[in-house]
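Peer 1: File name run38.pdb; file contents PDB, C-alpha atoms; full text below.
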MODEL        1
ATOM      1  CA  MET A   1      42.256  68.740  -7.823
ATOM      2  CA  LYS A   2      40.197  65.952  -6.280
ATOM      3  CA  ILE A   3      41.317  62.353  -6.861
ATOM      4  CA  LEU A   4      39.134  59.337  -6.101
ATOM      5  CA  VAL A   5      41.357  56.296  -5.574
ATOM      6  CA  ALA A   6      39.421  53.037  -5.759
ATOM      7  CA  VAL A   7      41.187  50.259  -3.836
ATOM      8  CA  ASP A   8      40.383  46.592  -3.330
ATOM      9  CA  LEU A   9      42.828  46.189  -0.411
ATOM     10  CA  SER A  10      44.856  43.545  -2.256
ATOM     11  CA  ALA A  11      48.651  43.714  -2.470
ATOM     12  CA  GLY A  12      48.243  45.953  -5.542
ATOM     13  CA  THR A  13      46.695  48.691  -3.403
ATOM     14  CA  ASN A  14      50.109  50.200  -2.633
ATOM     15  CA  ALA A  15      50.885  50.627  -6.344
ATOM     16  CA  VAL A  16      47.534  52.329  -6.941
ATOM     17  CA  LEU A  17      48.047  54.673  -3.981
ATOM     18  CA  ALA A  18      51.612  55.457  -5.099
ATOM     19  CA  ALA A  19      50.334  56.538  -8.522
ATOM     20  CA  ALA A  20      47.722  58.798  -6.927
ATOM     21  CA  ARG A  21      50.315  60.196  -4.498
ATOM     22  CA  ASP A  22      52.663  61.032  -7.390
ATOM     23  CA  ILE A  23      49.921  62.956  -9.156
ATOM     24  CA  ALA A  24      48.847  64.701  -5.953
ATOM     25  CA  GLN A  25      52.415  65.850  -5.226
ATOM     26  CA  SER A  26      52.437  68.106  -8.258
ATOM     27  CA  ARG A  27      49.172  69.809  -7.294
ATOM     28  CA  SER A  28      47.200  70.809  -4.276
ATOM     29  CA  SER A  29      44.992  67.739  -4.228
ATOM     30  CA  GLU A  30      42.408  66.059  -2.084
ATOM     31  CA  ILE A  31      42.481  62.263  -2.177
ATOM     32  CA  VAL A  32      39.452  60.121  -1.438
ATOM     33  CA  ILE A  33      40.502  56.518  -0.774
ATOM     34  CA  PHE A  34      37.424  54.553  -1.759
ATOM     35  CA  HIS A  35      36.623  50.891  -1.135
ATOM     36  CA  VAL A  36      33.497  48.957  -2.037
ATOM     37  CA  ALA A  37      32.956  46.236   0.557
ATOM     38  CA  ALA A  38      31.196  42.985  -0.209
ATOM     39  CA  PRO A  39      27.478  43.144   0.528
ATOM     40  CA  ASP A  40      26.069  41.625   3.681
ATOM     41  CA  SER A  41      25.010  38.050   3.321
ATOM     42  CA  THR A  42      21.773  38.941   5.081
ATOM     43  CA  PHE A  43      19.500  37.065   2.761
ATOM     44  CA  VAL A  44      19.712  33.689   1.123
ATOM     45  CA  SER A  45      16.791  33.487  -1.246
ATOM     46  CA  TYR A  46      13.839  34.826   0.759
ATOM     47  CA  GLN A  47      15.139  33.725   4.165
ATOM     48  CA  ALA A  48      17.659  35.383   6.428
ATOM     49  CA  GLY A  49      21.147  33.920   6.125
ATOM     50  CA  PRO A  50      22.905  32.272   9.047
ATOM     51  CA  GLN A  51      23.911  34.605  11.871
ATOM     52  CA  HIS A  52      27.553  33.466  11.699
ATOM     53  CA  GLU A  53      27.681  34.634   8.064
ATOM     54  CA  ARG A  54      26.380  38.080   9.006
ATOM     55  CA  ASP A  55      28.809  38.290  11.939
ATOM     56  CA  TRP A  56      31.740  37.275   9.721
ATOM     57  CA  ARG A  57      30.843  39.869   7.074
ATOM     58  CA  ALA A  58      30.517  42.582   9.740
ATOM     59  CA  GLU A  59      33.953  41.660  11.123
ATOM     60  CA  GLU A  60      35.495  41.741   7.619
ATOM     61  CA  THR A  61      33.977  45.159   6.925
ATOM     62  CA  SER A  62      35.368  46.436  10.223
ATOM     63  CA  LYS A  63      38.853  45.186   9.267
ATOM     64  CA  GLU A  64      38.553  46.840   5.849
ATOM     65  CA  HIS A  65      37.524  50.101   7.499
ATOM     66  CA  THR A  66      40.597  49.940   9.754
ATOM     67  CA  GLN A  67      42.843  49.299   6.741
ATOM     68  CA  LEU A  68      41.403  52.339   4.950
ATOM     69  CA  GLN A  69      41.983  54.514   8.028
ATOM     70  CA  GLU A  70      45.632  53.385   8.139
ATOM     71  CA  LEU A  71      46.140  54.056   4.419
ATOM     72  CA  ALA A  72      44.625  57.518   4.830
ATOM     73  CA  ARG A  73      46.882  58.292   7.808
ATOM     74  CA  ASP A  74      49.954  57.254   5.802
ATOM     75  CA  LEU A  75      49.063  59.537   2.894
ATOM     76  CA  ALA A  76      47.863  62.410   5.077
ATOM     77  CA  GLY A  77      51.229  62.344   6.834
ATOM     78  CA  GLU A  78      52.589  63.798   3.624
ATOM     79  CA  ASN A  79      50.527  66.991   4.077
ATOM     80  CA  ARG A  80      47.620  65.975   1.908
ATOM     81  CA  ASN A  81      43.914  66.165   2.571
ATOM     82  CA  VAL A  82      42.957  62.474   2.543
ATOM     83  CA  ARG A  83      39.553  61.015   3.274
ATOM     84  CA  PRO A  84      38.783  57.282   3.471
ATOM     85  CA  MET A  85      35.354  55.991   2.433
ATOM     86  CA  ILE A  86      33.803  52.544   2.422
ATOM     87  CA  VAL A  87      30.417  51.610   0.955
ATOM     88  CA  LYS A  88      28.600  48.444  -0.063
ATOM     89  CA  GLY A  89      27.055  47.740  -3.412
ATOM     90  CA  PRO A  90      27.925  47.038  -7.047
ATOM     91  CA  THR A  91      31.610  47.978  -7.323
ATOM     92  CA  ALA A  92      31.842  49.823 -10.651
ATOM     93  CA  GLU A  93      28.550  51.619 -10.129
ATOM     94  CA  LYS A  94      29.554  52.801  -6.658
ATOM     95  CA  ILE A  95      32.957  54.027  -7.890
ATOM     96  CA  VAL A  96      31.373  56.106 -10.657
ATOM     97  CA  ASP A  97      28.578  57.393  -8.406
ATOM     98  CA  GLU A  98      30.970  58.471  -5.658
ATOM     99  CA  ALA A  99      33.429  60.067  -8.095
ATOM    100  CA  THR A 100      30.558  62.117  -9.505
ATOM    101  CA  GLN A 101      29.185  62.981  -6.077
ATOM    102  CA  VAL A 102      32.510  64.226  -4.658
ATOM    103  CA  GLY A 103      33.333  66.106  -7.856
ATOM    104  CA  ALA A 104      36.429  64.040  -8.637
ATOM    105  CA  ASP A 105      38.698  65.323 -11.382
ATOM    106  CA  LEU A 106      40.384  61.927 -11.716
ATOM    107  CA  ILE A 107      39.641  58.297 -10.825
ATOM    108  CA  VAL A 108      42.645  56.084 -10.086
ATOM    109  CA  LEU A 109      42.196  52.333  -9.913
ATOM    110  CA  GLY A 110      44.140  49.149 -10.449
ATOM    111  CA  SER A 111      43.760  46.437 -13.024
ATOM    112  CA  HIS A 112      44.781  42.884 -12.207
ATOM    113  CA  GLY A 113      45.284  42.069 -15.877
ATOM    114  CA  HIS A 114      43.077  39.007 -16.101
ATOM    115  CA  GLY A 115      42.913  37.395 -19.529
ATOM    116  CA  ALA A 116      40.317  37.809 -22.254
ATOM    117  CA  LEU A 117      38.310  34.768 -21.147
ATOM    118  CA  PHE A 118      37.923  36.214 -17.656
ATOM    119  CA  HIS A 119      36.673  39.511 -19.100
ATOM    120  CA  LEU A 120      34.270  37.712 -21.419
ATOM    121  CA  VAL A 121      32.754  35.637 -18.617
ATOM    122  CA  ALA A 122      33.016  37.830 -15.538
ATOM    123  CA  GLY A 123      33.453  41.324 -16.895
ATOM    124  CA  SER A 124      35.795  43.850 -15.339
ATOM    125  CA  VAL A 125      35.330  46.606 -12.823
ATOM    126  CA  THR A 126      37.932  48.651 -14.689
ATOM    127  CA  MET A 127      36.144  48.277 -18.016
ATOM    128  CA  ALA A 128      32.775  49.059 -16.446
ATOM    129  CA  VAL A 129      34.160  52.247 -14.880
ATOM    130  CA  LEU A 130      35.800  53.292 -18.154
ATOM    131  CA  HIS A 131      32.513  52.848 -20.020
ATOM    132  CA  SER A 132      30.367  54.529 -17.352
ATOM    133  CA  THR A 133      32.068  57.851 -16.689
ATOM    134  CA  LYS A 134      33.315  60.940 -18.452
ATOM    135  CA  ILE A 135      35.793  61.584 -15.613
ATOM    136  CA  PRO A 136      39.379  60.774 -16.643
ATOM    137  CA  VAL A 137      40.534  57.384 -15.347
ATOM    138  CA  LEU A 138      44.110  56.332 -14.612
ATOM    139  CA  VAL A 139      44.464  52.544 -14.679
ATOM    140  CA  VAL A 140      47.458  51.228 -12.754
ATOM    141  CA  PRO A 141      48.547  47.707 -13.739
ATOM    142  CA  VAL A 142      48.939  45.583 -10.602
ATOM    143  CA  ALA A 143      49.143  42.124 -12.184
ATOM    144  CA  GLY A 144      52.709  41.536 -10.943
ATOM    145  CA  HIS A 145      51.731  42.017  -7.304
ATOM    146  CA  SER A 146      50.893  39.174  -4.947
ATOM    147  CA  GLU A 147      47.181  38.667  -4.448
ATOM    148  CA  GLN A 148      47.457  38.315  -0.672
ATOM    149  CA  GLN A 149      45.360  40.629   1.433
ATOM    150  CA  ASN A 150      47.086  43.445   3.319
ATOM    151  CA  ASP A 151      45.525  42.548   6.655
ATOM    152  CA  GLU A 152      48.638  41.677   8.661
TER     153      GLU A 152
ENDMDL
END
As structure tokens - that is how I would like this structure written.
Peer 2:
Amino acid sequence: MKILVAVDLSAGTNAVLAAARDIAQSRSSEIVIFHVAAPDSTFVSYQAGPQHERDWRAEETSKEHTQLQELARDLAGENRNVRPMIVKGPTAEKIVDEATQVGADLIVLGSHGHGALFHLVAGSVTMAVLHSTKIPVLVVPVAGHSEQQNDE
């Protein structure tokens, strides 16, 4: 079984990974820990953005990559085949594309449980994934978790 675990690196990430780990324990599973990084702020309108913005984004992406490597090491220590991946682009689209490309049997992701107004105005990555794939999706509620980043 191949499980794609989409993480946003918020405090809820541990709950999402725990759910995937529990499923993987009952089967011989490969886990792909997948994160969609924010796009580079290379362009503002038709002009290049400030260099400090590009440098900051590159540094943030590097930190995110390190976090994914650490998460993968923690899970792989439990005798699982774990592969971290980070890409840039539209979040829901990239999750569905990568799940299809790696041949995932299951997508695991978290839902922060925002209210109806938020979903009406901003949409939801979870809802977009659910509507865009035929691959089974496990949604882990993470609303009770702190929204602090795990970058200590």
Peer 1: Selected by the PyMOL selection byres ((chain A and resi 20) around 8) in the shown coordinates: which residues, as a ChimeraX atom specification?
Peer 2: /A:3,5,16-19,21-24,31,108
Peer 1: Calculate how many Å separate atom CA of Ala128 of chain A from atom CA of Gln25 of chain A, rounding to one decimal.
Peer 2: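 Atom CA of Gln25 of chain A lies at a distance of 28.2 Å from atom CA of Ala128 of chain A.
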Peer 1: Where does the PyMOL selection byres ((chain A and resi 71) around 12) land in this file, that is, which residues does it pick, as an MDAnalysis selection string?
Peer 2: chainID A and resid 5 7 9 13:14 16:18 21 31:35 64:70 72:78 82:85 150:151
Peer 1: The PyMOL selection byres ((chain A and resi 99) around 10) - which residues does that actually catch in the file I just gave you? List them as a list in words.
Peer 2: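 Applied to this file, the PyMOL selection byres ((chain A and resi 99) around 10) returns Lys2, Ile3, Leu4, Val5, Ala6, Val32, Phe34, Glu93, Lys94, Ile95, Val96, Asp97, Glu98, Thr100, Gln101, Val102, Gly103, Ala104, Asp105, Leu106, Ile107, Thr133 and Ile135 of chain A.
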Peer 1: In Å to one decimal, how far is atom CA of Gly110 of chain A from atom CA of Val140 of chain A?
Peer 2: 4.5 Å
Peer 1: What's around Lys88 of chain A at 8 Å? Count all atoms listed in the file, leave out sequence neighbours fewer than 6 positions away in its own chain, and write the answer as a list of chain:residue names.
Peer 2: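 Once the adjacent positions are removed, what remains is A:Val36, A:Ala37, A:Ala38, A:Pro39, A:Lys94.
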Peer 1: Under the rule that all atoms listed in the file are counted, which of A:Pro141, A:Pro50, A:Pro136, A:Gly89 is the nearest residue to Ala11 of chain A?
Peer 2: A:Pro141
Peer 1: Between atom CA of Ser132 of chain A and atom CA of Thr91 of chain A, what is the distance in Å, rounded to a tenth?
Peer 2: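 Computing the Euclidean distance for atom CA of Ser132 of chain A and atom CA of Thr91 of chain A yields 12.0 Å.
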Peer 1: Enclose the full set of atoms of segment 81-85 of chain A listed in the file within a box whose edges lie along x, y and z, apply 8 Å of padding to each of the six sides, and report centre and edge lengths in Å to one decimal as lines of an AutoDock Vina configuration file.
Peer 2:
center_x = 39.6
center_y = 61.1
center_z = 3.0
size_x = 24.6
size_y = 26.2
size_z = 17.0
Peer 1: With only C-alpha atoms as the atoms that count, which of A:Leu109, A:Leu138, A:Arg57, A:Asn81 lies nearest to Val125 of chain A?
Peer 2: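 When distances to Val125 of chain A are compared using only C-alpha atoms, the smallest one comes from A:Leu109.
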